[in-house]
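my_file25.cif, holding mmCIF, C-alpha atoms:
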```
data_upload
#
loop_
_atom_site.label_atom_id
_atom_site.label_comp_id
_atom_site.auth_asym_id
_atom_site.auth_seq_id
_atom_site.Cartn_x
_atom_site.Cartn_y
_atom_site.Cartn_z
CA MET A 1 106.70 194.72 120.76
CA SER A 2 106.90 197.89 122.88
CA ALA A 3 109.24 197.99 125.87
CA ALA A 4 106.49 199.04 128.28
CA ARG A 5 104.27 196.18 127.11
CA ILE A 6 106.97 193.60 127.78
CA LEU A 7 107.93 195.17 131.10
CA ALA A 8 104.30 195.24 132.22
CA ALA A 9 103.81 191.58 131.28
CA HIS A 10 106.97 190.61 133.13
CA ALA A 11 105.91 192.61 136.17
CA ARG A 12 102.49 190.94 136.20
CA ALA A 13 104.01 187.45 135.75
CA ARG A 14 106.65 188.01 138.46
CA GLY A 15 104.27 189.77 140.83
CA SER A 16 106.79 192.56 141.33
CA VAL A 17 108.33 195.54 139.55
CA HIS A 18 112.08 196.14 139.42
CA GLY A 19 113.10 199.62 140.54
CA ASP A 20 114.39 200.62 137.10
CA GLU A 21 111.09 199.58 135.46
CA ALA A 22 108.84 201.81 137.59
CA GLY A 23 109.41 204.94 135.48
CA LEU A 24 108.28 203.33 132.24
CA LEU A 25 105.35 201.55 133.89
CA ALA A 26 104.17 204.84 135.41
CA LYS A 27 103.33 205.89 131.84
CA LEU A 28 100.58 203.25 131.59
CA GLU A 29 97.00 204.54 131.66
CA PRO A 30 96.76 205.99 135.19
CA GLY A 31 93.01 205.40 135.33
CA LEU A 32 93.69 201.67 135.01
CA TRP A 33 97.08 200.80 136.45
CA ARG A 34 99.24 201.86 139.36
CA VAL A 35 102.62 200.88 140.75
CA VAL A 36 102.34 200.44 144.52
CA ASP A 37 105.11 200.22 147.12
CA VAL A 38 104.28 197.21 149.27
CA GLY A 39 106.69 197.28 152.18
CA GLY A 40 109.68 198.04 149.97
CA GLU A 41 108.53 195.90 147.03
CA LEU A 42 106.89 197.51 143.99
CA VAL A 43 103.81 195.84 142.51
CA LEU A 44 101.88 196.63 139.30
CA THR A 45 98.15 196.36 139.96
CA VAL A 46 94.80 197.84 138.93
CA ALA A 47 93.93 201.38 140.00
CA ALA A 48 92.65 201.68 143.55
CA ASP A 49 89.08 202.55 142.63
CA LEU A 50 88.84 199.56 140.26
CA GLN A 51 89.23 196.91 142.95
CA LEU A 52 86.25 194.63 142.85
CA HIS A 53 84.27 194.45 146.06
CA ASN A 54 81.43 192.42 147.43
CA ALA A 55 78.72 193.88 145.21
CA ASP A 56 80.67 192.83 142.08
CA LEU A 57 82.14 189.63 143.40
CA GLY A 58 78.74 188.19 144.27
CA ARG A 59 78.00 187.71 140.57
CA LEU A 60 81.50 187.14 139.19
CA PRO A 61 83.69 184.04 139.19
CA ALA A 62 86.26 184.64 141.93
CA VAL A 63 88.56 182.67 144.17
CA ARG A 64 87.00 182.50 147.59
CA LEU A 65 88.69 181.57 150.84
CA SER A 66 87.30 178.57 152.67
CA ALA A 67 85.52 179.23 155.96
CA THR A 68 88.61 178.25 157.97
CA GLN A 69 90.91 180.39 155.81
CA ALA A 70 88.57 183.41 156.09
CA LYS A 71 88.25 182.97 159.87
CA THR A 72 92.03 182.65 160.19
CA LEU A 73 92.64 185.77 158.07
CA LEU A 74 90.20 187.71 160.24
CA ALA A 75 92.05 186.42 163.32
CA VAL A 76 95.36 187.59 161.80
CA LEU A 77 93.85 191.03 161.21
CA VAL A 78 92.59 191.15 164.82
CA ALA A 79 95.92 189.95 166.25
CA THR A 80 97.94 192.48 164.23
CA ALA A 81 95.50 195.42 164.45
CA THR A 82 96.93 198.77 165.46
CA GLY A 83 93.77 200.87 165.24
CA ALA A 84 95.05 202.47 162.03
CA PRO A 85 92.53 202.97 159.19
CA HIS A 86 94.33 200.36 157.04
CA PRO A 87 95.33 196.88 158.28
CA HIS A 88 98.75 197.03 156.54
CA PRO A 89 101.43 196.97 157.86
CA GLY A 90 99.89 196.20 161.29
CA SER A 91 101.90 195.07 164.28
CA PRO A 92 103.81 191.79 164.45
CA ALA A 93 102.06 188.94 166.23
CA THR A 94 102.66 185.21 166.72
CA VAL A 95 100.75 182.10 165.74
CA GLU A 96 99.87 181.83 169.45
CA ASP A 97 98.20 185.27 169.26
CA VAL A 98 96.16 184.19 166.22
CA LEU A 99 95.09 180.98 167.96
CA ALA A 100 94.16 183.05 171.03
CA VAL A 101 91.73 185.10 168.91
CA LEU A 102 90.13 181.88 167.70
CA GLY A 103 89.64 180.30 171.09
CA GLY A 104 92.79 180.65 173.12
CA PRO A 105 93.83 177.91 175.52
CA ARG A 106 90.55 176.10 174.89
CA LEU A 107 91.72 175.38 171.34
CA GLY A 108 93.29 171.91 171.36
CA GLU A 109 96.04 170.64 169.08
CA GLN A 110 93.46 169.02 166.81
CA ALA A 111 91.53 172.28 166.34
CA ALA A 112 94.74 174.27 165.90
CA ALA A 113 95.96 172.08 163.03
CA PRO A 114 93.54 173.43 160.36
CA VAL A 115 94.26 176.98 161.49
CA LYS A 116 97.99 176.37 161.05
CA GLY A 117 97.26 174.85 157.62
CA ALA A 118 95.19 177.93 156.72
CA LEU A 119 98.06 180.19 157.84
CA LYS A 120 100.38 178.36 155.44
CA LYS A 121 97.90 178.91 152.60
CA LEU A 122 97.51 182.60 153.49
CA HIS A 123 101.31 182.86 153.49
CA ALA A 124 101.47 181.28 150.01
CA TRP A 125 98.85 183.75 148.76
CA ARG A 126 100.73 186.65 150.42
CA LEU A 127 97.72 187.55 152.57
CA ALA A 128 99.76 186.77 155.68
CA THR A 129 103.50 186.55 156.24
CA LEU A 130 104.91 183.83 158.46
CA GLY A 131 108.39 183.96 159.95
CA ALA A 132 110.99 186.66 159.88
CA ASP A 133 111.69 188.88 156.87
CA GLY A 134 113.26 186.98 154.03
CA ASP A 135 111.78 183.59 154.98
CA ASP A 136 110.25 182.49 151.70
CA GLU A 137 109.52 178.96 152.82
CA VAL A 138 108.00 178.32 156.21
CA VAL A 139 108.25 174.62 156.93
CA ALA A 140 106.90 174.44 160.47
CA VAL A 141 104.22 176.67 161.96
CA GLU A 142 104.85 176.76 165.72
CA GLY A 143 103.21 178.84 168.43
CA ALA A 144 106.12 181.28 168.49
CA THR A 145 106.29 181.71 164.68
CA LEU A 146 105.92 185.38 163.74
CA VAL A 147 102.78 186.42 161.85
CA ARG A 148 102.14 189.69 160.02
CA VAL A 149 99.61 190.77 157.44
CA GLY A 150 100.97 189.99 153.98
CA PRO A 151 101.91 192.29 151.10
CA ALA A 152 98.66 191.47 149.26
CA VAL A 153 96.79 193.24 152.08
CA ALA A 154 98.72 196.44 151.33
CA LEU A 155 96.97 196.52 147.93
CA TRP A 156 93.50 196.60 149.49
CA SER A 157 91.72 199.88 148.89
CA GLY A 158 88.21 201.24 148.72
CA PRO A 159 85.37 201.81 151.15
CA TRP A 160 85.16 198.13 152.04
CA VAL A 161 88.54 198.35 153.81
CA ALA A 162 87.07 200.82 156.32
CA GLU A 163 84.15 198.43 156.88
CA LEU A 164 86.57 195.57 157.49
CA THR A 165 88.70 197.68 159.86
CA ALA A 166 85.54 198.58 161.80
CA LEU A 167 84.64 194.88 162.04
CA VAL A 168 88.15 194.04 163.27
CA ALA A 169 87.95 196.82 165.89
CA GLN A 170 84.56 195.50 167.01
CA VAL A 171 85.96 191.98 167.43
CA ALA A 172 88.89 193.38 169.42
CA VAL A 173 86.49 195.24 171.76
CA GLN A 174 84.40 192.10 172.24
CA ARG A 175 87.51 190.06 173.06
CA ARG A 176 88.52 192.58 175.72
CA SER A 177 85.04 192.47 177.25
CA PHE A 178 85.21 188.64 177.49
CA ARG A 179 88.52 188.67 179.37
CA MET B 1 93.26 206.86 122.96
CA SER B 2 93.54 207.80 126.63
CA LEU B 3 90.51 207.13 128.79
CA VAL B 4 90.39 210.80 129.80
CA LEU B 5 89.35 211.68 126.24
CA LEU B 6 86.25 209.49 126.46
CA ALA B 7 82.85 210.38 127.85
CA GLN B 8 82.85 209.54 131.57
CA ALA B 9 80.39 206.65 131.20
CA ASP B 10 82.38 205.10 128.34
CA ALA B 11 85.68 205.45 130.19
CA ALA B 12 84.12 203.85 133.26
CA ALA B 13 82.75 200.96 131.19
CA VAL B 14 86.14 200.30 129.56
CA ALA B 15 87.97 200.51 132.90
CA TYR B 16 85.42 198.23 134.59
CA ALA B 17 85.79 195.61 131.86
CA VAL B 18 89.60 195.60 132.21
CA ALA B 19 89.33 195.44 136.01
CA VAL B 20 86.85 192.56 135.92
CA LEU B 21 88.80 190.54 133.35
CA GLU B 22 92.06 190.97 135.28
CA GLN B 23 90.68 190.25 138.76
CA THR B 24 88.21 187.41 138.28
CA HIS B 25 89.08 183.73 137.98
CA GLY B 26 87.12 181.93 135.32
CA VAL B 27 84.78 182.96 132.56
CA VAL B 28 82.72 186.12 133.04
CA ASP B 29 79.20 185.92 131.63
CA ALA B 30 78.99 187.95 128.39
CA ALA B 31 75.87 189.71 129.68
CA LEU B 32 77.91 191.28 132.50
CA LEU B 33 80.35 192.96 130.11
CA PRO B 34 78.26 194.43 127.25
CA VAL B 35 81.11 196.84 126.47
CA LEU B 36 82.99 193.90 124.91
CA ALA B 37 80.29 193.60 122.24
CA HIS B 38 80.29 197.37 121.59
CA PRO B 39 81.87 198.10 118.19
CA ASP B 40 83.53 201.36 119.30
CA LEU B 41 84.48 200.54 122.88
CA ARG B 42 85.72 196.96 122.46
CA PRO B 43 88.86 198.12 120.55
CA LEU B 44 89.65 200.40 123.50
CA VAL B 45 89.49 197.48 125.93
CA ASP B 46 91.74 195.50 123.58
CA THR B 47 94.21 198.42 123.42
CA GLU B 48 94.32 198.88 127.19
CA LEU B 49 94.94 195.17 127.77
CA ASP B 50 97.51 195.04 124.96
CA ALA B 51 99.46 197.79 126.72
CA VAL B 52 100.28 195.24 129.44
CA GLY B 53 100.68 192.25 127.10
CA ARG B 54 97.18 190.86 127.65
CA VAL B 55 94.25 189.99 125.38
CA VAL B 56 90.54 189.31 125.74
CA VAL B 57 89.78 185.58 125.42
CA GLU B 58 86.32 184.84 124.04
CA HIS B 59 84.56 181.63 125.05
CA LEU B 60 82.08 180.52 122.41
CA ARG B 61 78.98 178.37 122.59
CA PRO B 62 78.61 175.54 120.05
CA ASP B 63 76.47 177.88 117.92
CA GLY B 64 79.35 180.37 117.71
CA THR B 65 77.86 183.06 119.96
CA VAL B 66 79.95 184.42 122.83
CA GLU B 67 79.17 182.76 126.15
CA GLY B 68 81.68 184.72 128.20
CA TYR B 69 85.07 186.34 128.45
CA SER B 70 88.36 186.10 130.29
CA SER B 71 91.79 187.64 129.75
CA GLY B 72 95.21 186.11 129.28
CA TYR B 73 98.71 186.76 128.00
CA ALA B 74 99.00 187.52 124.29
CA ASP B 75 100.59 184.65 122.31
CA ASP B 76 103.87 186.45 121.64
CA ILE B 77 104.17 187.49 125.30
CA ALA B 78 103.29 184.00 126.60
CA GLU B 79 106.01 182.48 124.39
CA ARG B 80 108.55 185.01 125.63
CA LEU B 81 107.66 184.52 129.31
CA ALA B 82 107.85 180.74 128.92
CA ALA B 83 111.21 180.98 127.14
CA GLU B 84 112.49 183.00 130.10
CA GLY B 85 111.08 180.45 132.58
CA LEU B 86 108.50 182.83 134.08
CA GLY B 87 105.37 180.99 135.22
CA VAL B 88 106.73 177.64 134.06
CA LEU B 89 105.67 174.69 136.22
CA ALA B 90 108.13 172.19 137.69
CA PRO B 91 108.46 168.91 135.70
CA LEU B 92 106.49 166.85 138.27
CA ASP B 93 103.64 169.40 138.33
CA ARG B 94 103.61 169.45 134.52
CA ALA B 95 103.36 165.64 134.51
CA VAL B 96 100.36 165.74 136.87
CA VAL B 97 98.68 168.43 134.75
CA ALA B 98 99.24 166.24 131.68
CA LEU B 99 97.62 163.27 133.46
CA VAL B 100 94.59 165.37 134.41
CA LEU B 101 94.22 166.78 130.89
CA LEU B 102 94.54 163.32 129.37
CA ARG B 103 91.80 161.95 131.65
CA CYS B 104 89.48 164.97 131.68
CA VAL B 105 89.93 166.44 128.20
CA ALA B 106 91.75 164.16 125.74
CA MET B 107 89.99 160.87 126.54
CA PRO B 108 86.41 162.28 126.55
CA THR B 109 87.24 164.19 123.33
CA ALA B 110 88.52 161.01 121.67
CA ARG B 111 85.19 159.38 122.64
CA GLY B 112 83.27 162.21 120.95
CA ARG B 113 82.38 164.02 124.18
CA PRO B 114 84.66 167.09 124.30
CA PRO B 115 84.09 169.22 127.39
CA ARG B 116 82.35 172.58 126.80
CA ARG B 117 85.38 174.23 128.45
CA TRP B 118 88.44 172.55 129.95
CA SER B 119 87.60 174.04 133.33
CA ALA B 120 84.13 172.50 133.07
CA ALA B 121 85.44 169.03 132.18
CA PRO B 122 84.19 166.03 134.16
CA PRO B 123 86.62 165.45 137.06
CA VAL B 124 88.97 162.50 137.53
CA SER B 125 89.49 160.82 140.88
CA LEU B 126 92.85 160.97 142.65
CA ALA B 127 92.87 157.15 142.55
CA ARG B 128 92.89 157.26 138.72
CA LEU B 129 95.93 159.54 138.77
CA HIS B 130 97.63 156.97 140.99
CA ASP B 131 97.28 154.46 138.13
CA ASN B 132 100.45 156.06 136.83
CA ARG B 133 102.96 153.93 138.73
CA ARG B 134 105.98 156.06 137.83
CA LEU B 135 104.78 158.89 140.04
CA GLY B 136 104.51 158.10 143.76
CA LYS B 137 101.14 158.63 145.45
CA ALA B 138 102.46 161.24 147.88
CA ALA B 139 104.19 163.14 145.06
CA VAL B 140 100.97 163.21 143.00
CA ARG B 141 98.88 164.32 146.00
CA ASP B 142 101.33 167.11 146.88
CA ALA B 143 101.47 168.28 143.26
CA VAL B 144 97.65 168.34 143.04
CA ASN B 145 97.52 170.51 146.18
CA ARG B 146 100.19 172.88 144.80
CA LEU B 147 98.40 173.13 141.46
CA HIS B 148 95.08 173.76 143.23
CA ASP B 149 96.64 176.73 145.04
CA LEU B 150 97.86 178.05 141.66
CA HIS B 151 94.32 177.63 140.19
CA VAL B 152 95.77 175.31 137.52
CA LEU B 153 93.67 172.42 138.88
CA VAL B 154 90.59 172.30 141.06
CA ASN B 155 90.87 169.67 143.77
CA GLY B 156 87.27 168.95 144.66
CA ARG B 157 88.40 166.20 147.08
CA ALA B 158 85.66 163.54 146.89
CA ALA B 159 84.22 165.19 143.76
CA GLY B 160 87.53 164.65 141.97
CA ILE B 161 90.14 166.77 140.21
CA ARG B 162 89.61 168.81 137.05
CA PRO B 163 91.43 171.56 135.11
CA GLY B 164 91.19 174.89 136.91
CA PRO B 165 90.30 178.47 135.93
CA ALA B 166 93.90 179.14 134.81
CA PHE B 167 93.05 177.22 131.61
CA ASP B 168 90.26 179.71 130.88
CA ARG B 169 93.00 182.32 130.36
CA LEU B 170 94.58 180.46 127.42
CA THR B 171 94.07 181.83 123.94
CA PRO B 172 92.87 179.43 121.20
CA ALA B 173 96.49 179.15 119.90
CA GLN B 174 97.81 178.29 123.38
CA ARG B 175 95.08 175.67 123.86
CA GLN B 176 95.83 174.18 120.45
CA ARG B 177 99.50 173.82 121.36
CA ILE B 178 98.58 171.85 124.49
CA GLU B 179 96.15 169.71 122.48
CA GLU B 180 98.99 168.92 120.08
CA ASP B 181 101.28 168.11 123.04
CA LEU B 182 98.66 165.71 124.41
CA PHE B 183 98.27 164.06 121.01
CA MET B 184 102.04 163.59 120.64
CA LEU B 185 102.17 162.22 124.19
CA ALA B 186 99.33 159.75 123.67
CA ALA B 187 100.30 158.53 120.18
CA PRO B 188 103.91 159.51 119.42
CA ALA B 189 104.15 157.11 116.46
CA ASP B 190 100.95 158.35 114.80
CA PRO B 191 101.69 160.04 111.43
CA VAL B 192 99.89 163.19 112.60
CA ALA B 193 102.04 163.31 115.76
CA VAL B 194 105.19 162.77 113.69
CA ALA B 195 104.14 165.62 111.37
CA LEU B 196 103.46 167.89 114.36
CA GLN B 197 106.88 167.09 115.82
CA ARG B 198 108.54 167.80 112.48
CA ARG B 199 106.73 171.15 112.19
CA ARG B 200 107.78 172.10 115.73
CA GLN B 201 111.41 171.22 114.96
CA GLN B 202 111.31 173.29 111.78
CA GLN B 203 109.81 176.26 113.64
CA ALA B 204 112.45 175.96 116.37
CA ALA B 205 115.23 175.88 113.77
CA GLN B 206 114.02 179.13 112.16
CA PRO B 207 115.97 182.21 113.32
#
```
Before anything else, please render the file you have as structure tokens.
Amino acid sequence: MSAARILAAHARARGSVHGDEAGLLAKLEPGLWRVVDVGGELVLTVAADLQLHNADLGRLPAVRLSATQAKTLLAVLVATATGAPHPHPGSPATVEDVLAVLGGPRLGEQAAAPVKGALKKLHAWRLATLGADGDDEVVAVEGATLVRVGPAVALWSGPWVAELTALVAQVAVQRRSFR
Amino acid sequence: MSLVLLAQADAAAVAYAVAVLEQTHGVVDAALLPVLAHPDLRPLVDTELDAVGRVVVEHLRPDGTVEGYSSGYADDIAERLAAEGLGVLAPLDRAVVALVLLRCVAMPTARGRPPRRWSAAPPVSLARLHDNRRLGKAAVRDAVNRLHDLHVLVNGRAAGIRPGPAFDRLTPAQRQRIEEDLFMLAAPADPVAVALQRRRQQQAAQP
């Protein structure tokens, strides 16, 4: 059993790479694997140009977000957008900001509940981060709870990211015009 | 062999197969990955996956032809990760998974109707899982939701609960071990179960 093989398997199972493992993992086939710094945490993932996008995913079995989860993620991207070409790291926002994107004060408690539930799911899947740094478990999602894009977003790459950023910018412009 | 030494089209096909197997959830139709049936390129896919402790898992039709593919941890790596507690479910979640597998896989199999794949097994209702009085209803419901998020189970709500795409990543040896576990759980006094337990104890005692 080679050391790199075991390290790579551990890194994939843990979802993170220890600092002292990065050197050995960098020797993996560079056309297939890369070690990425995600806000101070190293992650072993497929090479940037191998990320599957819509054209592939339409015919492959994939985990898909529900409509509410997708809408909430888009709202997180809008609320944290900085105008940069990549949504990560984005600017910090609050749950209130995300709810504002989805309907603002018109959104009642009942309509806000599934959005808060979706935020918890996105946090679990590392697509969004709730709370301050170091909060692994977020028990309550309140209006003032901090929201940022999650580390999984930092791994996004490819032309589709630019398309998504353009969509987010478009939504932001539309929101301003409605105010 | 490094991918840079291959013709560009071959390298791209090998890389695409690895990327698809590692990023999808569930079984990929064999027709979408012809490189895995290619006598020269398939070993390269196997080598690239082996470099990170993974293997191609083939899903066969009843006639023995390949229906589709997924990838999972190699048997030796899976054993090592489990021994170190990586990816191991909490006892309550394991109990709920066992209940679902008993209802969706073991019982239909015992009646002569084994599911084509565990992830394609007929679902069980949440109410049936509540038949197990030792586990509280709220605990079972919460565990099902957690396991759904981990892709271990699929919670189809009204449609019921069934094993999830995570089971498609098990190798035949890993699936067999679970089948043996289910058998020992369902009929611990059966001579076959006793023999299985004895064999496990002997294997564990070996250095």
Kindly resolve the PyMOL selection byres ((chain A) within 7 of (chain B)) on the present coordinates and return the residues as a CSV table (one decimal) with C-alpha atoms, in the coordinates of the input.
```csv
chain,number,residue,atom,x,y,z
A,5,ARG,CA,104.3,196.2,127.1
A,6,ILE,CA,107.0,193.6,127.8
A,8,ALA,CA,104.3,195.2,132.2
A,9,ALA,CA,103.8,191.6,131.3
A,13,ALA,CA,104.0,187.4,135.8
A,29,GLU,CA,97.0,204.5,131.7
A,32,LEU,CA,93.7,201.7,135.0
A,46,VAL,CA,94.8,197.8,138.9
A,50,LEU,CA,88.8,199.6,140.3
A,60,LEU,CA,81.5,187.1,139.2
A,61,PRO,CA,83.7,184.0,139.2
A,62,ALA,CA,86.3,184.6,141.9
A,63,VAL,CA,88.6,182.7,144.2
```
Which residues fall under the PyMOL selection byres ((chain B and resi 192-198) around 12) in this file, as a compact mmCIF listing (two decimals) with C-alpha atoms, in the coordinates of the input?
```txt
# COMPACT_ATOMS: atom_id res chain seq x y z
CA GLN B 176 95.83 174.18 120.45
CA ARG B 177 99.50 173.82 121.36
CA ILE B 178 98.58 171.85 124.49
CA GLU B 179 96.15 169.71 122.48
CA GLU B 180 98.99 168.92 120.08
CA ASP B 181 101.28 168.11 123.04
CA LEU B 182 98.66 165.71 124.41
CA PHE B 183 98.27 164.06 121.01
CA MET B 184 102.04 163.59 120.64
CA LEU B 185 102.17 162.22 124.19
CA ALA B 186 99.33 159.75 123.67
CA ALA B 187 100.30 158.53 120.18
CA PRO B 188 103.91 159.51 119.42
CA ALA B 189 104.15 157.11 116.46
CA ASP B 190 100.95 158.35 114.80
CA PRO B 191 101.69 160.04 111.43
CA ARG B 199 106.73 171.15 112.19
CA ARG B 200 107.78 172.10 115.73
CA GLN B 201 111.41 171.22 114.96
CA GLN B 202 111.31 173.29 111.78
CA GLN B 203 109.81 176.26 113.64
CA ALA B 204 112.45 175.96 116.37
CA ALA B 205 115.23 175.88 113.77
```
| request: Run through the PyMOL selection byres ((chain A and resi 156) around 12) on the given coordinates and return the selected residues as an MDAnalysis selection string. | output: chainID A and resid 36 38 45:53 85:89 127 149:155 157:162 164:165
| task | Give the answer as one residue: which of A:Thr94, A:Thr68, A:Gln174, A:Thr80 has the shortest atom-to-atom distance to A:Thr145, using only C-alpha atoms? | result | A:Thr94
| request: In Å, rounded to a single decimal, give me how far atom CA of A:Leu77 is from atom CA of A:Asp97. | output: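 Value for the atom CA of A:Asp97-atom CA of A:Leu77 distance: 10.8 Å.
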| request: State, in Å with one decimal place, the distance from atom CA of A:Gln69 to atom CA of A:Val101. | output: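 Interatomic distance, atom CA of A:Gln69 to atom CA of A:Val101: 13.9 Å.
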| message | Using all atoms listed in the file, which protein or nucleic acid residues come within 7 Å of B:Ala121? Drop anything in the same chain fewer than 5 positions from it, and give the result as a ChimeraX atom specification. | response | /B:104-105,115,162
Restrict the selected residues to C-alpha atoms and save them as an mmCIF file, in the frame of the given file.
```
data_model
loop_
_atom_site.group_PDB
_atom_site.id
_atom_site.type_symbol
_atom_site.label_atom_id
_atom_site.label_comp_id
_atom_site.auth_asym_id
_atom_site.auth_seq_id
_atom_site.Cartn_x
_atom_site.Cartn_y
_atom_site.Cartn_z
ATOM 1 C CA CYS B 104 89.480 164.970 131.680
ATOM 2 C CA VAL B 105 89.930 166.440 128.200
ATOM 3 C CA PRO B 115 84.090 169.220 127.390
ATOM 4 C CA ARG B 162 89.610 168.810 137.050
#
```
| query | Residues around (92.4, 176.1, 157.2), cut-off 8 Å, counting only C-alpha atoms - what are they as a list in words? | reply |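 The distance filter leaves exactly Ser66, Ala67, Thr68, Gln69, Thr72, Ala113, Pro114, Val115, Lys116, Gly117, Ala118, Leu119 and Lys121 of chain A.
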